[in-house]
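Shown below: structure13.cif, with mmCIF, C-alpha atoms.
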```
data_entry
#
loop_
_atom_site.label_atom_id
_atom_site.label_comp_id
_atom_site.auth_asym_id
_atom_site.auth_seq_id
_atom_site.Cartn_x
_atom_site.Cartn_y
_atom_site.Cartn_z
CA MET A 1 10.66 5.94 13.81
CA SER A 2 13.28 4.25 11.62
CA GLU A 3 16.73 5.77 11.91
CA SER A 4 17.82 5.20 8.29
CA TYR A 5 15.79 7.97 6.65
CA ILE A 6 17.82 10.81 5.16
CA LEU A 7 16.37 13.84 3.40
CA THR A 8 17.51 14.66 -0.13
CA ASN A 9 17.41 17.88 -2.14
CA ASN A 10 15.42 16.66 -5.16
CA VAL A 11 12.00 16.19 -3.49
CA PRO A 12 10.10 18.68 -1.27
CA VAL A 13 10.83 18.07 2.42
CA ASN A 14 7.18 17.72 3.43
CA GLN A 15 6.66 14.98 0.82
CA GLN A 16 9.71 13.07 2.04
CA ILE A 17 8.63 13.25 5.68
CA TYR A 18 5.12 12.14 4.67
CA ARG A 19 6.57 9.12 2.86
CA PHE A 20 8.81 8.18 5.77
CA LEU A 21 6.00 8.44 8.33
CA ARG A 22 3.51 6.66 6.06
CA LYS A 23 5.89 3.73 5.66
CA ASP A 24 6.50 3.44 9.41
CA ILE A 25 2.77 3.66 10.16
CA VAL A 26 1.88 1.08 7.49
CA ASP A 27 4.38 -1.50 8.75
CA CYS A 28 3.46 -0.67 12.35
CA THR A 29 6.95 0.50 13.29
CA ILE A 30 4.83 3.37 14.63
CA PRO A 31 1.88 1.50 16.21
CA PRO A 32 -1.76 2.65 16.17
CA GLY A 33 -2.49 5.05 19.02
CA THR A 34 1.00 6.58 19.05
CA LEU A 35 1.27 10.33 19.71
CA LEU A 36 3.41 11.97 17.02
CA SER A 37 5.52 14.92 18.10
CA GLU A 38 6.08 17.76 15.63
CA LYS A 39 9.06 18.89 17.70
CA GLU A 40 10.73 15.47 17.81
CA ILE A 41 10.29 14.84 14.10
CA SER A 42 11.48 18.33 13.11
CA THR A 43 14.55 17.82 15.34
CA ARG A 44 15.13 14.36 13.87
CA PHE A 45 15.33 15.82 10.35
CA SER A 46 16.80 19.23 11.30
CA VAL A 47 13.90 21.10 9.69
CA SER A 48 11.30 23.59 10.85
CA ARG A 49 7.92 22.39 12.09
CA GLN A 50 6.11 23.61 8.96
CA PRO A 51 6.98 20.68 6.63
CA VAL A 52 6.23 18.26 9.48
CA ARG A 53 2.84 19.90 9.98
CA GLU A 54 2.16 19.63 6.23
CA ALA A 55 3.10 15.93 6.31
CA PHE A 56 0.68 15.40 9.21
CA ILE A 57 -2.14 17.01 7.20
CA LYS A 58 -1.50 14.66 4.27
CA LEU A 59 -1.40 11.66 6.61
CA ALA A 60 -4.74 12.78 8.03
CA GLU A 61 -6.19 12.95 4.51
CA ALA A 62 -5.03 9.36 3.98
CA GLY A 63 -6.80 8.29 7.17
CA LEU A 64 -3.61 7.37 9.00
CA VAL A 65 -3.53 10.05 11.71
CA GLN A 66 -6.01 12.20 13.58
CA ILE A 67 -5.09 15.81 14.39
CA LEU A 68 -6.76 16.93 17.62
CA PRO A 69 -6.42 20.64 18.48
CA GLN A 70 -4.72 21.25 21.83
CA ARG A 71 -4.06 17.51 22.21
CA GLY A 72 -1.77 16.50 19.37
CA THR A 73 -1.58 14.16 16.38
CA PHE A 74 -2.27 10.48 16.95
CA VAL A 75 -1.81 7.48 14.68
CA MET A 76 -5.33 6.23 14.06
CA LYS A 77 -6.41 2.75 14.94
CA ILE A 78 -7.35 0.59 11.98
CA SER A 79 -10.97 0.86 10.88
CA ALA A 80 -12.40 -2.34 9.38
CA LYS A 81 -15.10 -0.21 7.73
CA ARG A 82 -12.53 2.07 6.09
CA VAL A 83 -10.56 -0.96 4.89
CA ALA A 84 -13.71 -2.46 3.34
CA ASP A 85 -14.68 0.84 1.70
CA GLY A 86 -11.17 1.31 0.32
CA ARG A 87 -11.13 -2.21 -1.11
CA PHE A 88 -14.52 -1.63 -2.76
CA ILE A 89 -13.31 1.54 -4.50
CA ARG A 90 -9.93 0.07 -5.41
CA GLN A 91 -11.56 -3.03 -6.86
CA ALA A 92 -13.82 -0.95 -9.13
CA VAL A 93 -10.84 1.06 -10.41
CA GLU A 94 -8.48 -1.86 -10.93
CA CYS A 95 -11.05 -4.05 -12.65
CA ALA A 96 -11.49 -1.29 -15.22
CA ILE A 97 -7.71 -0.90 -15.49
CA VAL A 98 -6.98 -4.57 -16.28
CA ARG A 99 -9.80 -4.70 -18.82
CA ARG A 100 -8.15 -1.81 -20.71
CA VAL A 101 -4.66 -3.31 -20.39
CA ALA A 102 -5.82 -6.73 -21.63
CA THR A 103 -6.85 -5.26 -24.97
CA SER A 104 -3.62 -3.37 -25.63
CA ILE A 105 -0.72 -5.01 -23.74
CA THR A 106 2.55 -5.40 -25.66
CA PRO A 107 5.21 -8.14 -25.46
CA GLU A 108 7.56 -5.62 -23.82
CA GLN A 109 4.98 -4.80 -21.15
CA LEU A 110 4.43 -8.50 -20.49
CA MET A 111 8.18 -8.90 -20.00
CA THR A 112 8.16 -6.01 -17.51
CA LEU A 113 5.37 -7.62 -15.49
CA GLU A 114 7.04 -11.03 -15.58
CA HIS A 115 10.33 -9.54 -14.36
CA ASN A 116 8.46 -7.94 -11.46
CA LEU A 117 6.88 -11.32 -10.61
CA HIS A 118 10.26 -13.04 -10.56
CA ARG A 119 11.54 -10.36 -8.16
CA GLN A 120 8.45 -10.92 -5.97
CA GLU A 121 9.28 -14.63 -5.79
CA LEU A 122 12.88 -13.88 -4.82
CA ALA A 123 11.81 -11.45 -2.10
CA ALA A 124 9.33 -14.00 -0.70
CA GLN A 125 11.94 -16.78 -0.72
CA ASN A 126 14.33 -14.56 1.24
CA ASN A 127 11.59 -13.39 3.63
CA GLN A 128 12.12 -9.77 2.59
CA ILE A 129 8.65 -8.57 3.54
CA ARG A 130 9.16 -4.86 2.89
CA GLU A 131 10.76 -5.59 -0.47
CA PHE A 132 7.87 -7.87 -1.38
CA LEU A 133 5.30 -5.21 -0.46
CA ALA A 134 7.16 -2.63 -2.58
CA LEU A 135 7.16 -5.02 -5.54
CA ASP A 136 3.47 -5.80 -4.98
CA ASP A 137 2.76 -2.07 -5.21
CA GLU A 138 4.98 -1.82 -8.29
CA PHE A 139 2.99 -4.58 -10.01
CA HIS A 140 -0.28 -2.70 -9.55
CA HIS A 141 1.35 0.62 -10.41
CA LEU A 142 2.66 -0.86 -13.66
CA LEU A 143 -0.87 -1.84 -14.64
CA THR A 144 -2.09 1.75 -14.27
CA GLN A 145 0.88 2.96 -16.32
CA MET A 146 0.10 0.43 -19.04
CA ALA A 147 -3.49 1.67 -19.05
CA ASN A 148 -2.09 5.21 -19.48
CA CYS A 149 -4.07 6.44 -16.48
CA ALA A 150 -1.82 8.14 -13.93
CA LEU A 151 -4.81 9.44 -11.99
CA ALA A 152 -5.88 5.86 -11.30
CA TRP A 153 -2.71 5.18 -9.32
CA GLU A 154 -2.97 8.49 -7.46
CA THR A 155 -6.50 7.49 -6.44
CA ILE A 156 -5.48 3.97 -5.42
CA GLU A 157 -2.48 5.18 -3.43
CA THR A 158 -4.62 7.63 -1.48
CA ILE A 159 -7.32 5.13 -0.51
CA LYS A 160 -5.12 2.12 0.18
CA ALA A 161 -3.11 3.47 3.13
CA THR A 162 -5.35 1.80 5.72
CA MET A 163 -5.54 -1.34 3.58
CA ASP A 164 -1.74 -1.50 3.56
CA ARG A 165 -1.57 -1.83 7.34
CA VAL A 166 -3.81 -4.91 7.23
CA ARG A 167 -1.84 -6.23 4.27
CA PHE A 168 1.43 -5.95 6.21
CA LEU A 169 -0.01 -7.62 9.31
CA SER A 170 -1.53 -10.46 7.27
CA LEU A 171 1.59 -11.54 5.38
CA SER A 172 2.98 -13.84 8.07
CA GLU A 173 0.03 -16.24 8.34
CA VAL A 174 -3.28 -15.11 6.88
CA SER A 175 -2.18 -14.11 3.35
CA PRO A 176 1.40 -15.32 2.84
CA PRO A 177 3.31 -13.86 -0.12
CA GLU A 178 3.17 -17.15 -2.01
CA ASN A 179 -0.63 -16.91 -2.21
CA LEU A 180 -0.48 -13.33 -3.45
CA ILE A 181 2.17 -14.18 -6.06
CA HIS A 182 -0.03 -17.00 -7.36
CA GLN A 183 -2.88 -14.52 -7.70
CA HIS A 184 -0.61 -12.06 -9.50
CA TYR A 185 0.36 -14.80 -11.96
CA ARG A 186 -3.31 -15.44 -12.69
CA ILE A 187 -3.71 -11.76 -13.57
CA PHE A 188 -0.57 -11.95 -15.70
CA GLU A 189 -1.74 -15.05 -17.60
CA ALA A 190 -5.11 -13.45 -18.33
CA LEU A 191 -3.37 -10.35 -19.66
CA LYS A 192 -1.02 -12.50 -21.73
CA ALA A 193 -4.08 -14.22 -23.24
CA GLN A 194 -5.59 -10.76 -23.86
CA ASP A 195 -8.74 -11.91 -22.07
CA PRO A 196 -10.42 -8.92 -20.35
CA ASP A 197 -13.04 -11.07 -18.59
CA ALA A 198 -10.44 -13.42 -17.11
CA ALA A 199 -8.24 -10.48 -16.10
CA GLU A 200 -11.15 -8.83 -14.32
CA ARG A 201 -12.07 -12.05 -12.50
CA ALA A 202 -8.45 -12.58 -11.44
CA ILE A 203 -7.94 -9.11 -9.98
CA HIS A 204 -11.40 -9.16 -8.38
CA GLU A 205 -10.52 -12.38 -6.53
CA HIS A 206 -7.09 -11.01 -5.66
CA LEU A 207 -8.52 -7.90 -4.00
CA GLN A 208 -11.17 -9.98 -2.22
CA GLU A 209 -8.29 -11.39 -0.15
CA MET A 210 -8.55 -8.32 2.08
CA ILE A 211 -12.07 -9.33 3.16
CA TYR A 212 -10.85 -12.73 4.31
CA SER A 213 -7.84 -11.25 6.11
CA ILE A 214 -9.45 -8.51 8.16
CA THR A 215 -11.31 -10.63 10.76
CA PRO A 216 -8.42 -12.89 11.89
CA ILE A 217 -6.01 -9.95 11.87
CA ALA A 218 -8.39 -7.86 14.02
CA LEU A 219 -8.76 -10.73 16.49
CA GLN A 220 -4.97 -11.06 16.76
CA ASN A 221 -4.42 -7.31 17.23
CA THR A 222 -7.49 -6.06 19.10
CA ASP A 223 -5.69 -3.02 20.60
CA TRP A 224 -4.86 -1.76 17.11
CA PHE A 225 -8.40 -1.82 15.71
CA GLU A 226 -11.32 0.51 16.30
CA ALA A 227 -14.36 -0.94 18.04
CA GLU A 228 -17.06 -0.85 15.37
#
```
Same coordinates, now as structure tokens:
Amino acid sequence: MSESYILTNNVPVNQQIYRFLRKDIVDCTIPPGTLLSEKEISTRFSVSRQPVREAFIKLAEAGLVQILPQRGTFVMKISAKRVADGRFIRQAVECAIVRRVATSITPEQLMTLEHNLHRQELAAQNNQIREFLALDDEFHHLLTQMANCALAWETIETIKATMDRVRFLSLSEVSPPENLIHQHYRIFEALKAQDPDAAERAIHEHLQEMIYSITPIALQNTDWFEAE
């Protein structure tokens, strides 16, 4: 687990630990198959085991860990089926989101999206993978905010945890950031033109990228994927 995480007083402890563990599982700092220790994590953060246990439950709900009574909590291997199902649901939600945004987007909102895209380009140029992934998430989160649908992002964030692991593994070769930025710009241009059909096509093709990525990534990391 990364050593740089420090708890603060303005967010519940269990939520912070969940976020820290989720991040380390998604970027494979904690690899699939790893046994997570309640005792070690509670000692690491100088907290009781209860918030750690609560974080484990939330990770299990996101499909990232499996809690086995009397055996422990293990980081789940990546399920290609779960990735495909998550993409299917996310695609349906986000296609509806961009259609709504395309009919109501303001010049100020376009500037916000464009600023995000420029930051994505800078992160990619400097090979700041984690920063790029955070900005990628921010781009999609902004769309749900512009659609005035907070529940949409809560839904997406819950189902995309397994997708994020594939996304992180694919960035080096299969889906480099430059390709994803180009796809984001296509979404942006469609929104700028206030064209709901073009916006839907652009985000549909963008999210299809996951289908093309999963097979080569699974072949390169066979120990990290479930046999299905």
A:Gly63, A:Gly72, A:Pro51, A:Pro32 ranked by distance to A:Val13, top pick (using all atoms listed in the file)
A:Pro51
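If only C-alpha atoms are the atoms counted, then among A:Lys192, A:Lys77, A:His184, A:Arg99 the closest residue to A:His206 is A:His184.
Of the listed residues (A:Met111, A:Leu117, A:Ala147, A:Ala161), A:Ala161 comes nearest to A:Ala60; the distances count all atoms listed in the file.
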Counting only C-alpha atoms, which residue out of A:Phe139, A:Thr43, A:Ser104, A:Phe56 sits closest to A:Trp153?
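When distances to A:Trp153 are compared using only C-alpha atoms, the smallest one comes from A:Phe139.
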Would you pick out the contacts of A:Ala80 at 7 Å or less, using all atoms listed in the file, so that residues sharing its chain but fewer than 3 positions from it are not included, and give the list as a PyMOL selection string?
chain A and resi 83-84+214
Export, as a short mmCIF file (atom, residue, chain, number, x, y, z; two decimals), keeping the file's coordinate frame, the selected residues with C-alpha atoms.
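Below is the file that was written, part-v8.cif:
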```cif
data_model
loop_
_atom_site.label_atom_id
_atom_site.label_comp_id
_atom_site.auth_asym_id
_atom_site.auth_seq_id
_atom_site.Cartn_x
_atom_site.Cartn_y
_atom_site.Cartn_z
CA VAL A 83 -10.56 -0.96 4.89
CA ALA A 84 -13.71 -2.46 3.34
CA ILE A 214 -9.45 -8.51 8.16
#
```
I'd like the interatomic distance between atom CA of A:Gln183 and atom CA of A:Ser213, to a tenth of an Å.
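It comes out at 15.0 Å.
Of the residues under consideration (A:Glu40, A:Asp85, A:Asp164, A:Glu94), A:Asp164 shows the shortest atom-to-atom contact distance to A:Leu133 when counting only C-alpha atoms.
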Which one of A:Arg49, A:Arg130, A:Arg19, A:Lys81 sits closest to A:Pro177 if you count only C-alpha atoms?
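For A:Pro177, the nearest of the candidates is A:Arg130.
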Can you translate the PyMOL selection byres ((chain A and resi 36) around 10) into the concrete residues it hits in this file, as a PyMOL selection string?
chain A and resi 1+21+30+33-35+37-41+56+65+67+72-75
Separation of atom CA of A:Arg100 from atom CA of A:Leu113 in Å
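Between these atoms lies a distance of 15.6 Å.
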Evaluate the PyMOL selection byres ((chain A and resi 203) around 12) here and jot the selected residues down as a VMD selection string.
chain A and resid 87 90 to 99 139 to 140 143 180 to 191 196 to 202 204 to 209
What separation in Å, quoted to one decimal, exists between atom CA of A:Ile105 and atom CA of A:Asp136?
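Computed distance, atom CA of A:Ile105 to atom CA of A:Asp136, equals 19.2 Å.
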So that I can see what lies close to A:Asp27, please list as a PyMOL selection string the residues with an atom at most 8 Å from it, counting all atoms listed in the file and leaving out residues fewer than 3 positions away in the same chain.
chain A and resi 23-24+30+165+168-169
Run the PyMOL selection byres ((chain A and resi 119-126) around 8) on the file and write out the hits as a ChimeraX atom specification.
/A:115-118,127-129,131-132,135-136,177-178,181
What's around A:Ser42 at 10 Å? Count all atoms listed in the file, leave out sequence neighbours fewer than 6 positions away in its own chain, and write the answer as number ranges by chain.
A: 17, 48-53
Reconstruct stretch 189-200 of chain A at the level of all heavy atoms, and format the result as a compact mmCIF listing (two decimals), in the coordinates of the input.
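In the end it all went to result_37.txt:
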```txt
# COMPACT_ATOMS: atom_id res chain seq x y z
N GLU A 189 -1.37 -14.10 -16.56
CA GLU A 189 -1.74 -15.05 -17.60
C GLU A 189 -2.97 -14.59 -18.37
O GLU A 189 -3.07 -14.78 -19.59
CB GLU A 189 -1.96 -16.44 -17.00
CG GLU A 189 -0.72 -17.10 -16.44
CD GLU A 189 0.36 -17.34 -17.50
OE1 GLU A 189 0.01 -17.47 -18.69
OE2 GLU A 189 1.55 -17.38 -17.14
N ALA A 190 -3.91 -13.96 -17.65
CA ALA A 190 -5.11 -13.45 -18.33
C ALA A 190 -4.74 -12.29 -19.26
O ALA A 190 -5.28 -12.18 -20.37
CB ALA A 190 -6.13 -12.99 -17.30
N LEU A 191 -3.82 -11.44 -18.81
CA LEU A 191 -3.37 -10.35 -19.66
C LEU A 191 -2.61 -10.89 -20.88
O LEU A 191 -2.78 -10.39 -22.00
CB LEU A 191 -2.49 -9.38 -18.87
CG LEU A 191 -3.19 -8.62 -17.74
CD1 LEU A 191 -2.18 -7.81 -16.94
CD2 LEU A 191 -4.28 -7.70 -18.28
N LYS A 192 -1.80 -11.89 -20.64
CA LYS A 192 -1.02 -12.50 -21.73
C LYS A 192 -1.96 -13.09 -22.79
O LYS A 192 -1.68 -13.03 -23.99
CB LYS A 192 -0.11 -13.58 -21.16
CG LYS A 192 0.86 -14.19 -22.15
CD LYS A 192 1.78 -15.17 -21.45
CE LYS A 192 2.78 -15.79 -22.42
NZ LYS A 192 3.68 -16.76 -21.73
N ALA A 193 -3.08 -13.65 -22.32
CA ALA A 193 -4.08 -14.22 -23.24
C ALA A 193 -4.97 -13.14 -23.85
O ALA A 193 -5.84 -13.45 -24.66
CB ALA A 193 -4.92 -15.25 -22.50
N GLN A 194 -4.78 -11.91 -23.42
CA GLN A 194 -5.59 -10.76 -23.86
C GLN A 194 -7.08 -11.05 -23.65
O GLN A 194 -7.91 -10.82 -24.53
CB GLN A 194 -5.29 -10.42 -25.32
CG GLN A 194 -3.86 -9.94 -25.53
CD GLN A 194 -3.60 -9.39 -26.92
OE1 GLN A 194 -3.97 -10.00 -27.91
NE2 GLN A 194 -2.96 -8.22 -26.98
N ASP A 195 -7.37 -11.54 -22.44
CA ASP A 195 -8.74 -11.91 -22.07
C ASP A 195 -9.23 -10.95 -20.98
O ASP A 195 -8.96 -11.15 -19.79
CB ASP A 195 -8.75 -13.36 -21.56
CG ASP A 195 -10.15 -13.89 -21.29
OD1 ASP A 195 -11.07 -13.07 -21.05
OD2 ASP A 195 -10.33 -15.13 -21.30
N PRO A 196 -9.97 -9.90 -21.34
CA PRO A 196 -10.42 -8.92 -20.35
C PRO A 196 -11.29 -9.52 -19.25
O PRO A 196 -11.16 -9.13 -18.09
CB PRO A 196 -11.22 -7.91 -21.19
CG PRO A 196 -10.73 -8.08 -22.58
CD PRO A 196 -10.38 -9.54 -22.71
N ASP A 197 -12.16 -10.46 -19.59
CA ASP A 197 -13.04 -11.07 -18.59
C ASP A 197 -12.23 -11.85 -17.55
O ASP A 197 -12.48 -11.74 -16.34
CB ASP A 197 -14.07 -11.99 -19.26
CG ASP A 197 -15.08 -11.22 -20.10
OD1 ASP A 197 -15.27 -10.02 -19.84
OD2 ASP A 197 -15.68 -11.83 -20.99
N ALA A 198 -11.27 -12.65 -18.03
CA ALA A 198 -10.44 -13.42 -17.11
C ALA A 198 -9.56 -12.51 -16.26
O ALA A 198 -9.34 -12.77 -15.07
CB ALA A 198 -9.57 -14.41 -17.89
N ALA A 199 -9.07 -11.44 -16.86
CA ALA A 199 -8.24 -10.48 -16.10
C ALA A 199 -9.05 -9.82 -15.00
O ALA A 199 -8.58 -9.66 -13.87
CB ALA A 199 -7.66 -9.43 -17.05
N GLU A 200 -10.29 -9.45 -15.33
CA GLU A 200 -11.15 -8.83 -14.32
C GLU A 200 -11.47 -9.80 -13.19
O GLU A 200 -11.43 -9.43 -12.02
CB GLU A 200 -12.44 -8.33 -14.96
CG GLU A 200 -13.38 -7.65 -13.95
CD GLU A 200 -14.63 -7.08 -14.59
OE1 GLU A 200 -14.74 -7.08 -15.84
OE2 GLU A 200 -15.51 -6.63 -13.84
```
